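To be precise, the following lines are my_file.cif, and they hold mmCIF, C-alpha atoms; chains and numbers go by the auth columns.
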data_model
loop_
_atom_site.group_PDB
_atom_site.id
_atom_site.type_symbol
_atom_site.label_atom_id
_atom_site.label_comp_id
_atom_site.label_asym_id
_atom_site.label_seq_id
_atom_site.Cartn_x
_atom_site.Cartn_y
_atom_site.Cartn_z
_atom_site.B_iso_or_equiv
_atom_site.auth_seq_id
_atom_site.auth_asym_id
ATOM 1 C CA MET A 1 0.000 0.000 0.000 0.00 1 X
ATOM 2 C CA GLU A 2 1.507 3.302 -1.083 0.00 2 X
ATOM 3 C CA ALA A 3 1.663 6.339 1.143 0.00 3 X
ATOM 4 C CA GLU A 4 -0.447 9.281 0.063 0.00 4 X
ATOM 5 C CA GLU A 5 1.702 12.395 -0.057 0.00 5 X
ATOM 6 C CA ASP A 6 -0.746 14.964 -1.455 0.00 6 X
ATOM 7 C CA VAL A 7 -4.341 14.260 -0.599 0.00 7 X
ATOM 8 C CA PRO A 8 -6.704 17.221 -0.998 0.00 8 X
ATOM 9 C CA GLY A 9 -8.017 18.548 2.291 0.00 9 X
ATOM 10 C CA ALA A 10 -5.471 16.711 4.427 0.00 10 X
ATOM 11 C CA PRO A 11 -5.545 18.114 7.987 0.00 11 X
ATOM 12 C CA GLU A 12 -2.467 19.623 9.583 0.00 12 X
ATOM 13 C CA ASP A 13 -0.545 17.602 12.140 0.00 13 X
ATOM 14 C CA VAL A 14 -0.648 20.311 14.803 0.00 14 X
ATOM 15 C CA GLY A 15 2.462 20.249 16.955 0.00 15 X
ATOM 16 C CA ASN A 16 3.610 17.091 15.136 0.00 16 X
ATOM 17 C CA ARG A 17 1.386 15.164 17.538 0.00 17 X
ATOM 18 C CA VAL A 18 0.745 12.263 15.166 0.00 18 X
ATOM 19 C CA TYR A 19 4.433 12.111 14.270 0.00 19 X
ATOM 20 C CA TRP A 20 5.501 11.730 17.896 0.00 20 X
ATOM 21 C CA ILE A 21 2.758 9.207 18.595 0.00 21 X
ATOM 22 C CA CYS A 22 4.150 7.085 15.766 0.00 22 X
ATOM 23 C CA PHE A 23 7.664 7.551 17.126 0.00 23 X
ATOM 24 C CA VAL A 24 6.707 6.304 20.598 0.00 24 X
ATOM 25 C CA LEU A 25 4.731 3.402 19.128 0.00 25 X
ATOM 26 C CA GLY A 26 7.774 2.401 17.096 0.00 26 X
ATOM 27 C CA ALA A 27 9.959 2.451 20.188 0.00 27 X
ATOM 28 C CA GLY A 28 7.392 0.355 22.032 0.00 28 X
ATOM 29 C CA ILE A 29 7.544 -2.394 19.418 0.00 29 X
ATOM 30 C CA LEU A 30 11.145 -3.298 20.272 0.00 30 X
ATOM 31 C CA PHE A 31 11.070 -2.197 23.912 0.00 31 X
ATOM 32 C CA PRO A 32 10.382 -5.696 25.323 0.00 32 X
ATOM 33 C CA TRP A 33 13.102 -7.445 23.323 0.00 33 X
ATOM 34 C CA ASN A 34 15.637 -4.733 24.109 0.00 34 X
ATOM 35 C CA ALA A 35 14.596 -4.881 27.761 0.00 35 X
ATOM 36 C CA TYR A 36 15.349 -8.591 27.925 0.00 36 X
ATOM 37 C CA ILE A 37 18.721 -8.532 26.204 0.00 37 X
ATOM 38 C CA THR A 38 19.896 -5.476 28.156 0.00 38 X
ATOM 39 C CA ALA A 39 19.161 -7.246 31.448 0.00 39 X
ATOM 40 C CA VAL A 40 21.325 -10.282 30.666 0.00 40 X
ATOM 41 C CA ASP A 41 23.552 -9.443 33.656 0.00 41 X
ATOM 42 C CA TYR A 42 20.553 -9.818 35.959 0.00 42 X
ATOM 43 C CA PHE A 43 19.383 -13.078 34.391 0.00 43 X
ATOM 44 C CA GLU A 44 22.871 -14.590 34.565 0.00 44 X
ATOM 45 C CA VAL A 45 22.932 -13.972 38.316 0.00 45 X
ATOM 46 C CA LEU A 46 19.387 -15.253 38.735 0.00 46 X
ATOM 47 C CA TYR A 47 19.888 -18.337 36.559 0.00 47 X
ATOM 48 C CA PRO A 48 23.614 -19.192 36.557 0.00 48 X
ATOM 49 C CA GLY A 49 24.902 -21.593 33.932 0.00 49 X
ATOM 50 C CA ARG A 50 21.884 -21.155 31.639 0.00 50 X
ATOM 51 C CA HIS A 51 23.756 -19.321 28.829 0.00 51 X
ATOM 52 C CA ILE A 52 21.113 -16.607 28.815 0.00 52 X
ATOM 53 C CA ASP A 53 22.724 -14.574 26.039 0.00 53 X
ATOM 54 C CA ARG A 54 22.328 -17.504 23.619 0.00 54 X
ATOM 55 C CA VAL A 55 19.024 -18.868 24.880 0.00 55 X
ATOM 56 C CA LEU A 56 17.094 -15.601 24.604 0.00 56 X
ATOM 57 C CA GLY A 57 17.847 -15.183 20.904 0.00 57 X
ATOM 58 C CA VAL A 58 16.710 -18.695 20.001 0.00 58 X
ATOM 59 C CA LEU A 59 13.571 -18.460 22.125 0.00 59 X
ATOM 60 C CA TYR A 60 12.628 -15.125 20.580 0.00 60 X
ATOM 61 C CA PHE A 61 13.413 -15.417 16.894 0.00 61 X
ATOM 62 C CA ILE A 62 12.072 -18.893 16.098 0.00 62 X
ATOM 63 C CA PRO A 63 8.502 -18.143 17.345 0.00 63 X
ATOM 64 C CA ASN A 64 8.816 -14.705 15.752 0.00 64 X
ATOM 65 C CA LEU A 65 9.585 -16.181 12.332 0.00 65 X
ATOM 66 C CA VAL A 66 6.907 -18.881 12.535 0.00 66 X
ATOM 67 C CA THR A 67 4.255 -16.377 13.634 0.00 67 X
ATOM 68 C CA LEU A 68 5.286 -13.950 10.907 0.00 68 X
ATOM 69 C CA LEU A 69 4.671 -16.640 8.297 0.00 69 X
ATOM 70 C CA PHE A 70 1.209 -17.261 9.760 0.00 70 X
ATOM 71 C CA VAL A 71 0.442 -13.537 9.767 0.00 71 X
ATOM 72 C CA LEU A 72 1.486 -13.232 6.130 0.00 72 X
ATOM 73 C CA ARG A 73 -0.773 -16.142 5.185 0.00 73 X
ATOM 74 C CA PHE A 74 -3.773 -15.645 7.468 0.00 74 X
ATOM 75 C CA GLY A 75 -3.419 -12.072 8.725 0.00 75 X
ATOM 76 C CA HIS A 76 -6.390 -10.892 6.664 0.00 76 X
ATOM 77 C CA LEU A 77 -8.669 -12.873 8.975 0.00 77 X
ATOM 78 C CA VAL A 78 -7.871 -10.556 11.900 0.00 78 X
ATOM 79 C CA SER A 79 -8.045 -6.765 11.803 0.00 79 X
ATOM 80 C CA PRO A 80 -4.797 -4.772 12.074 0.00 80 X
ATOM 81 C CA ARG A 81 -6.196 -3.061 15.174 0.00 81 X
ATOM 82 C CA ALA A 82 -6.677 -6.403 16.916 0.00 82 X
ATOM 83 C CA ARG A 83 -3.193 -7.594 15.953 0.00 83 X
ATOM 84 C CA VAL A 84 -1.540 -4.412 17.210 0.00 84 X
ATOM 85 C CA ARG A 85 -3.436 -4.420 20.492 0.00 85 X
ATOM 86 C CA PHE A 86 -2.791 -8.107 21.027 0.00 86 X
ATOM 87 C CA GLY A 87 0.904 -7.447 20.497 0.00 87 X
ATOM 88 C CA TYR A 88 1.191 -4.575 22.956 0.00 88 X
ATOM 89 C CA THR A 89 -0.966 -6.318 25.563 0.00 89 X
ATOM 90 C CA THR A 90 1.204 -9.427 25.354 0.00 90 X
ATOM 91 C CA PHE A 91 4.320 -7.263 25.626 0.00 91 X
ATOM 92 C CA VAL A 92 3.052 -5.808 28.902 0.00 92 X
ATOM 93 C CA LEU A 93 2.273 -9.207 30.393 0.00 93 X
ATOM 94 C CA CYS A 94 5.649 -10.612 29.352 0.00 94 X
ATOM 95 C CA LEU A 95 7.526 -7.663 30.857 0.00 95 X
ATOM 96 C CA VAL A 96 5.797 -8.220 34.182 0.00 96 X
ATOM 97 C CA VAL A 97 7.192 -11.774 34.428 0.00 97 X
ATOM 98 C CA PRO A 98 10.823 -10.826 35.245 0.00 98 X
ATOM 99 C CA SER A 99 9.698 -8.214 37.760 0.00 99 X
ATOM 100 C CA VAL A 100 7.687 -10.680 39.867 0.00 100 X
ATOM 101 C CA ARG A 101 10.292 -13.465 39.504 0.00 101 X
ATOM 102 C CA ALA A 102 7.585 -16.130 39.676 0.00 102 X
ATOM 103 C CA GLY A 103 7.713 -19.407 37.781 0.00 103 X
ATOM 104 C CA GLY A 104 11.477 -19.554 37.501 0.00 104 X
ATOM 105 C CA PHE A 105 13.479 -20.011 34.332 0.00 105 X
ATOM 106 C CA GLY A 106 10.712 -21.906 32.536 0.00 106 X
ATOM 107 C CA LEU A 107 8.233 -19.044 32.772 0.00 107 X
ATOM 108 C CA LEU A 108 10.903 -16.606 31.624 0.00 108 X
ATOM 109 C CA CYS A 109 11.438 -18.755 28.520 0.00 109 X
ATOM 110 C CA VAL A 110 7.708 -18.769 27.795 0.00 110 X
ATOM 111 C CA ALA A 111 7.578 -14.979 28.209 0.00 111 X
ATOM 112 C CA VAL A 112 10.427 -14.476 25.745 0.00 112 X
ATOM 113 C CA MET A 113 8.764 -16.786 23.215 0.00 113 X
ATOM 114 C CA LEU A 114 5.458 -14.939 23.538 0.00 114 X
ATOM 115 C CA THR A 115 7.307 -11.660 23.077 0.00 115 X
ATOM 116 C CA GLY A 116 8.542 -12.954 19.724 0.00 116 X
ATOM 117 C CA VAL A 117 4.996 -13.943 18.775 0.00 117 X
ATOM 118 C CA ALA A 118 3.627 -10.551 19.811 0.00 118 X
ATOM 119 C CA ASP A 119 6.300 -8.720 17.838 0.00 119 X
ATOM 120 C CA ALA A 120 5.408 -10.626 14.672 0.00 120 X
ATOM 121 C CA CYS A 121 1.734 -9.754 15.155 0.00 121 X
ATOM 122 C CA ALA A 122 2.156 -6.092 16.020 0.00 122 X
ATOM 123 C CA GLN A 123 5.130 -4.754 14.101 0.00 123 X
ATOM 124 C CA GLY A 124 4.055 -5.439 10.527 0.00 124 X
ATOM 125 C CA SER A 125 0.460 -4.555 11.358 0.00 125 X
ATOM 126 C CA LEU A 126 1.479 -1.203 12.785 0.00 126 X
ATOM 127 C CA PHE A 127 3.510 -0.343 9.707 0.00 127 X
ATOM 128 C CA GLY A 128 0.515 -1.341 7.603 0.00 128 X
ATOM 129 C CA VAL A 129 -1.750 0.952 9.616 0.00 129 X
ATOM 130 C CA VAL A 130 0.560 3.913 9.025 0.00 130 X
ATOM 131 C CA ALA A 131 1.357 3.075 5.381 0.00 131 X
ATOM 132 C CA PRO A 132 -1.529 5.076 3.799 0.00 132 X
ATOM 133 C CA MET A 133 -0.322 8.210 5.590 0.00 133 X
ATOM 134 C CA PRO A 134 2.552 10.410 4.337 0.00 134 X
ATOM 135 C CA ALA A 135 6.022 8.895 4.473 0.00 135 X
ATOM 136 C CA GLN A 136 7.192 10.879 7.493 0.00 136 X
ATOM 137 C CA TYR A 137 4.945 8.807 9.748 0.00 137 X
ATOM 138 C CA THR A 138 6.523 5.565 8.584 0.00 138 X
ATOM 139 C CA GLN A 139 9.882 7.237 9.159 0.00 139 X
ATOM 140 C CA ALA A 140 8.737 8.107 12.682 0.00 140 X
ATOM 141 C CA LEU A 141 7.942 4.450 13.364 0.00 141 X
ATOM 142 C CA MET A 142 11.332 3.393 12.044 0.00 142 X
ATOM 143 C CA GLY A 143 13.057 6.100 14.054 0.00 143 X
ATOM 144 C CA GLY A 144 11.284 4.905 17.180 0.00 144 X
ATOM 145 C CA THR A 145 12.416 1.322 16.689 0.00 145 X
ATOM 146 C CA SER A 146 15.997 2.529 16.260 0.00 146 X
ATOM 147 C CA PHE A 147 15.803 4.828 19.278 0.00 147 X
ATOM 148 C CA SER A 148 14.352 2.080 21.456 0.00 148 X
ATOM 149 C CA GLY A 149 17.761 0.549 22.116 0.00 149 X
ATOM 150 C CA LEU A 150 19.162 3.852 23.365 0.00 150 X
ATOM 151 C CA ILE A 151 16.180 4.498 25.635 0.00 151 X
ATOM 152 C CA ILE A 152 16.336 1.059 27.203 0.00 152 X
ATOM 153 C CA SER A 153 20.114 1.254 27.681 0.00 153 X
ATOM 154 C CA VAL A 154 19.837 4.571 29.498 0.00 154 X
ATOM 155 C CA LEU A 155 16.996 3.191 31.600 0.00 155 X
ATOM 156 C CA ARG A 156 19.114 0.193 32.594 0.00 156 X
ATOM 157 C CA LEU A 157 22.067 2.389 33.537 0.00 157 X
ATOM 158 C CA VAL A 158 19.897 4.703 35.624 0.00 158 X
ATOM 159 C CA THR A 159 18.095 1.905 37.464 0.00 159 X
ATOM 160 C CA LYS A 160 21.364 0.107 38.248 0.00 160 X
ATOM 161 C CA ALA A 161 22.987 3.312 39.478 0.00 161 X
ATOM 162 C CA ALA A 162 20.011 4.053 41.725 0.00 162 X
ATOM 163 C CA PHE A 163 20.554 0.947 43.876 0.00 163 X
ATOM 164 C CA PRO A 164 23.540 -0.489 45.776 0.00 164 X
ATOM 165 C CA ASP A 165 25.920 -2.781 43.911 0.00 165 X
ATOM 166 C CA THR A 166 24.737 -5.838 45.812 0.00 166 X
ATOM 167 C CA LEU A 167 22.660 -8.887 44.969 0.00 167 X
ATOM 168 C CA SER A 168 19.644 -7.294 46.630 0.00 168 X
ATOM 169 C CA GLY A 169 20.279 -4.013 44.842 0.00 169 X
ATOM 170 C CA LEU A 170 20.534 -5.795 41.494 0.00 170 X
ATOM 171 C CA GLY A 171 17.175 -7.453 42.083 0.00 171 X
ATOM 172 C CA LYS A 172 15.480 -4.195 43.058 0.00 172 X
ATOM 173 C CA SER A 173 16.928 -2.343 40.085 0.00 173 X
ATOM 174 C CA ALA A 174 15.675 -5.080 37.750 0.00 174 X
ATOM 175 C CA VAL A 175 12.160 -4.864 39.181 0.00 175 X
ATOM 176 C CA VAL A 176 12.057 -1.091 38.661 0.00 176 X
ATOM 177 C CA TYR A 177 13.572 -1.496 35.196 0.00 177 X
ATOM 178 C CA PHE A 178 10.970 -3.994 34.000 0.00 178 X
ATOM 179 C CA VAL A 179 8.066 -2.153 35.619 0.00 179 X
ATOM 180 C CA ILE A 180 9.037 1.075 33.822 0.00 180 X
ATOM 181 C CA SER A 181 9.412 -0.864 30.570 0.00 181 X
ATOM 182 C CA ALA A 182 5.941 -2.353 31.033 0.00 182 X
ATOM 183 C CA ALA A 183 4.565 1.116 31.763 0.00 183 X
ATOM 184 C CA TRP A 184 6.057 2.456 28.514 0.00 184 X
ATOM 185 C CA VAL A 185 4.403 -0.308 26.493 0.00 185 X
ATOM 186 C CA SER A 186 1.117 0.219 28.363 0.00 186 X
ATOM 187 C CA GLY A 187 1.316 3.830 27.260 0.00 187 X
ATOM 188 C CA CYS A 188 1.642 2.600 23.682 0.00 188 X
ATOM 189 C CA LEU A 189 -1.759 0.925 23.982 0.00 189 X
ATOM 190 C CA VAL A 190 -3.248 4.279 24.950 0.00 190 X
ATOM 191 C CA LEU A 191 -1.381 6.084 22.176 0.00 191 X
ATOM 192 C CA HIS A 192 -2.552 3.592 19.563 0.00 192 X
ATOM 193 C CA THR A 193 -6.135 4.420 20.485 0.00 193 X
ATOM 194 C CA ALA A 194 -5.270 8.121 20.417 0.00 194 X
ATOM 195 C CA LEU A 195 -3.774 7.718 16.930 0.00 195 X
ATOM 196 C CA GLU A 196 -7.016 6.221 15.622 0.00 196 X
ATOM 197 C CA HIS A 197 -8.905 9.274 16.873 0.00 197 X
ATOM 198 C CA THR A 198 -6.669 11.872 15.234 0.00 198 X
ATOM 199 C CA ALA A 199 -7.936 13.827 12.242 0.00 199 X
ATOM 200 C CA VAL A 200 -4.820 12.936 10.232 0.00 200 X
ATOM 201 C CA TYR A 201 -5.304 9.192 10.663 0.00 201 X
ATOM 202 C CA ALA A 202 -9.056 9.372 9.993 0.00 202 X
ATOM 203 C CA HIS A 203 -8.552 11.435 6.837 0.00 203 X
ATOM 204 C CA TYR A 204 -6.093 9.063 5.181 0.00 204 X
ATOM 205 C CA ARG A 205 -8.065 6.026 6.271 0.00 205 X
ATOM 206 C CA ARG A 206 -11.213 7.439 4.636 0.00 206 X
ATOM 207 C CA HIS A 207 -9.264 8.297 1.509 0.00 207 X
ATOM 208 C CA THR A 208 -7.827 4.783 1.258 0.00 208 X
ATOM 209 C CA ALA A 209 -11.253 3.228 1.849 0.00 209 X
ATOM 210 C CA GLY A 210 -12.687 5.456 -0.876 0.00 210 X
ATOM 211 C CA ARG A 211 -10.043 4.360 -3.346 0.00 211 X
ATOM 212 C CA GLY A 212 -10.810 0.743 -2.502 0.00 212 X
ATOM 213 C CA GLY A 213 -14.500 1.328 -3.165 0.00 213 X
ATOM 214 C CA ASP A 214 -13.735 3.021 -6.482 0.00 214 X
ATOM 215 C CA ALA A 215 -11.578 0.066 -7.496 0.00 215 X
ATOM 216 C CA VAL A 216 -14.372 -2.387 -6.694 0.00 216 X
ATOM 217 C CA ARG A 217 -16.930 -0.340 -8.626 0.00 217 X
ATOM 218 C CA GLY A 218 -14.525 -0.002 -11.542 0.00 218 X
ATOM 219 C CA GLY A 219 -13.994 -3.746 -11.621 0.00 219 X
ATOM 220 C CA SER A 220 -17.743 -4.346 -11.586 0.00 220 X
ATOM 221 C CA ARG A 221 -18.276 -1.981 -14.510 0.00 221 X
ATOM 222 C CA SER A 222 -15.521 -3.732 -16.462 0.00 222 X
ATOM 223 C CA ARG A 223 -17.131 -7.113 -15.919 0.00 223 X
ATOM 224 C CA GLU A 224 -20.540 -5.752 -16.928 0.00 224 X
ATOM 225 C CA GLY A 225 -19.067 -4.227 -20.071 0.00 225 X
ATOM 226 C CA GLY A 226 -17.457 -7.530 -20.975 0.00 226 X
ATOM 227 C CA ALA A 227 -20.745 -9.337 -20.477 0.00 227 X
ATOM 228 C CA HIS A 228 -22.551 -7.036 -22.971 0.00 228 X
ATOM 229 C CA GLU A 229 -19.965 -7.482 -25.696 0.00 229 X
#
What would the structure in this file look like if it were written as structure tokens?
Amino acid sequence: MEAEEDVPGAPEDVGNRVYWICFVLGAGILFPWNAYITAVDYFEVLYPGRHIDRVLGVLYFIPNLVTLLFVLRFGHLVSPRARVRFGYTTFVLCLVVPSVRAGGFGLLCVAVMLTGVADACAQGSLFGVVAPMPAQYTQALMGGTSFSGLIISVLRLVTKAAFPDTLSGLGKSAVVYFVISAAWVSGCLVLHTALEHTAVYAHYRRHTAGRGGDAVRGGSRSREGGAHE
């Protein structure tokens, strides 16, 4: 689906509000994965000898790839809105797991796998939602995903520095770190709803729907013309 650069009557993005919403949503897409891999030091202390740095990648990317294939084949059966909201909601739940430290290593593995599934559902769907809008909004999403790593790294440094360099301090810093990460992604759920209620989003969505209707009517007329020949 091509972005529409010059659509008559397009509303102004006052204060670049829609742009920054897209930026934060983009950062939220990779926030959970970045949160996990940046807390490897904590997981290695919590689960010694588990080779966390290797395990996390395998647990994340295999379900991510499999789910992506399913989304490409059957994604039309579920609305983009549902896929995006499912993704962010799952992100929040999975980020809570390390903060409560319940279920041990097995539950952590399940959470990482579900994070990969949620990413496959939400990321492509979110880019598809923004695609009919001008290109700068897709760029905002991409910029957010790139900036996510920096945000999460700074957050990890700040939370570690805020607590004593002890085993207890490491645990407390990790709890705060994952709770803040979950709060960021929860905010993305709110912002996704806010995006759908902006005039910019509504305008381009109506325009795209109108073009789809014109295409259907044009196809019908072509078939009718062929039938009369």
| request: May I have the residues within 8 Å of Leu95 of chain X as an MDAnalysis selection string, using all atoms listed in the file and disregarding those fewer than 6 positions away in the same chain? | output: chainID X and resid 32 111 178:179 181:182
Preceding selection exported with C-alpha atoms as a short mmCIF file (atom, residue, chain, number, x, y, z; two decimals), in the coordinates of the input:
data_model
loop_
_atom_site.label_atom_id
_atom_site.label_comp_id
_atom_site.auth_asym_id
_atom_site.auth_seq_id
_atom_site.Cartn_x
_atom_site.Cartn_y
_atom_site.Cartn_z
CA PRO X 32 10.38 -5.70 25.32
CA ALA X 111 7.58 -14.98 28.21
CA PHE X 178 10.97 -3.99 34.00
CA VAL X 179 8.07 -2.15 35.62
CA SER X 181 9.41 -0.86 30.57
CA ALA X 182 5.94 -2.35 31.03
#
Which residues, named as in the file, does the PyMOL selection byres ((chain X and resi 34) around 12) pick out? Answer as a PDB file with C-alpha atoms, keeping the file's coordinate frame.
ATOM      1  CA  ALA X  27       9.959   2.451  20.188  1.00  0.00           C
ATOM      2  CA  GLY X  28       7.392   0.355  22.032  1.00  0.00           C
ATOM      3  CA  ILE X  29       7.544  -2.394  19.418  1.00  0.00           C
ATOM      4  CA  LEU X  30      11.145  -3.298  20.272  1.00  0.00           C
ATOM      5  CA  PHE X  31      11.070  -2.197  23.912  1.00  0.00           C
ATOM      6  CA  PRO X  32      10.382  -5.696  25.323  1.00  0.00           C
ATOM      7  CA  TRP X  33      13.102  -7.445  23.323  1.00  0.00           C
ATOM      8  CA  ALA X  35      14.596  -4.881  27.761  1.00  0.00           C
ATOM      9  CA  TYR X  36      15.349  -8.591  27.925  1.00  0.00           C
ATOM     10  CA  ILE X  37      18.721  -8.532  26.204  1.00  0.00           C
ATOM     11  CA  THR X  38      19.896  -5.476  28.156  1.00  0.00           C
ATOM     12  CA  ALA X  39      19.161  -7.246  31.448  1.00  0.00           C
ATOM     13  CA  VAL X  40      21.325 -10.282  30.666  1.00  0.00           C
ATOM     14  CA  LEU X  56      17.094 -15.601  24.604  1.00  0.00           C
ATOM     15  CA  GLY X  57      17.847 -15.183  20.904  1.00  0.00           C
ATOM     16  CA  TYR X  60      12.628 -15.125  20.580  1.00  0.00           C
ATOM     17  CA  PHE X  91       4.320  -7.263  25.626  1.00  0.00           C
ATOM     18  CA  LEU X  95       7.526  -7.663  30.857  1.00  0.00           C
ATOM     19  CA  VAL X 112      10.427 -14.476  25.745  1.00  0.00           C
ATOM     20  CA  THR X 115       7.307 -11.660  23.077  1.00  0.00           C
ATOM     21  CA  GLY X 116       8.542 -12.954  19.724  1.00  0.00           C
ATOM     22  CA  ASP X 119       6.300  -8.720  17.838  1.00  0.00           C
ATOM     23  CA  THR X 145      12.416   1.322  16.689  1.00  0.00           C
ATOM     24  CA  SER X 146      15.997   2.529  16.260  1.00  0.00           C
ATOM     25  CA  PHE X 147      15.803   4.828  19.278  1.00  0.00           C
ATOM     26  CA  SER X 148      14.352   2.080  21.456  1.00  0.00           C
ATOM     27  CA  GLY X 149      17.761   0.549  22.116  1.00  0.00           C
ATOM     28  CA  LEU X 150      19.162   3.852  23.365  1.00  0.00           C
ATOM     29  CA  ILE X 151      16.180   4.498  25.635  1.00  0.00           C
ATOM     30  CA  ILE X 152      16.336   1.059  27.203  1.00  0.00           C
ATOM     31  CA  SER X 153      20.114   1.254  27.681  1.00  0.00           C
ATOM     32  CA  VAL X 154      19.837   4.571  29.498  1.00  0.00           C
ATOM     33  CA  LEU X 155      16.996   3.191  31.600  1.00  0.00           C
ATOM     34  CA  ARG X 156      19.114   0.193  32.594  1.00  0.00           C
ATOM     35  CA  TYR X 177      13.572  -1.496  35.196  1.00  0.00           C
ATOM     36  CA  PHE X 178      10.970  -3.994  34.000  1.00  0.00           C
ATOM     37  CA  SER X 181       9.412  -0.864  30.570  1.00  0.00           C
TER      38      SER X 181
END
Select from segment 120-140 of chain X every residue with an atom at most 10 Å from any atom of segment 197-203 of chain X, then for each give the shortest pair of atoms and their distance in Å to one decimal, using all atoms listed in the file, rows by chain and rising number, as JSON lines.
{"residue": "X:Val129", "atom": "CA", "partner": "X:Tyr201", "partner_atom": "CA", "distance": 9.0}
{"residue": "X:Val130", "atom": "CA", "partner": "X:Tyr201", "partner_atom": "CA", "distance": 8.1}
{"residue": "X:Pro132", "atom": "CA", "partner": "X:Tyr201", "partner_atom": "CA", "distance": 8.8}
{"residue": "X:Met133", "atom": "CA", "partner": "X:Tyr201", "partner_atom": "CA", "distance": 7.2}
{"residue": "X:Pro134", "atom": "CA", "partner": "X:Val200", "partner_atom": "CA", "distance": 9.8}
| request: In Å, rounded to a single decimal, give me how far atom CA of Ala122 of chain X is from atom CA of Tyr137 of chain X. | output: 16.4 Å
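Atom CA of Leu68 of chain X is positioned 5.0 Å from atom CA of Ala120 of chain X.
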| query | When the PyMOL selection byres ((chain X and resi 172) around 12) is applied to the file above, which residues end up in the set, as number ranges by chain? | reply | X: 42, 98-101, 156, 159-171, 173-179
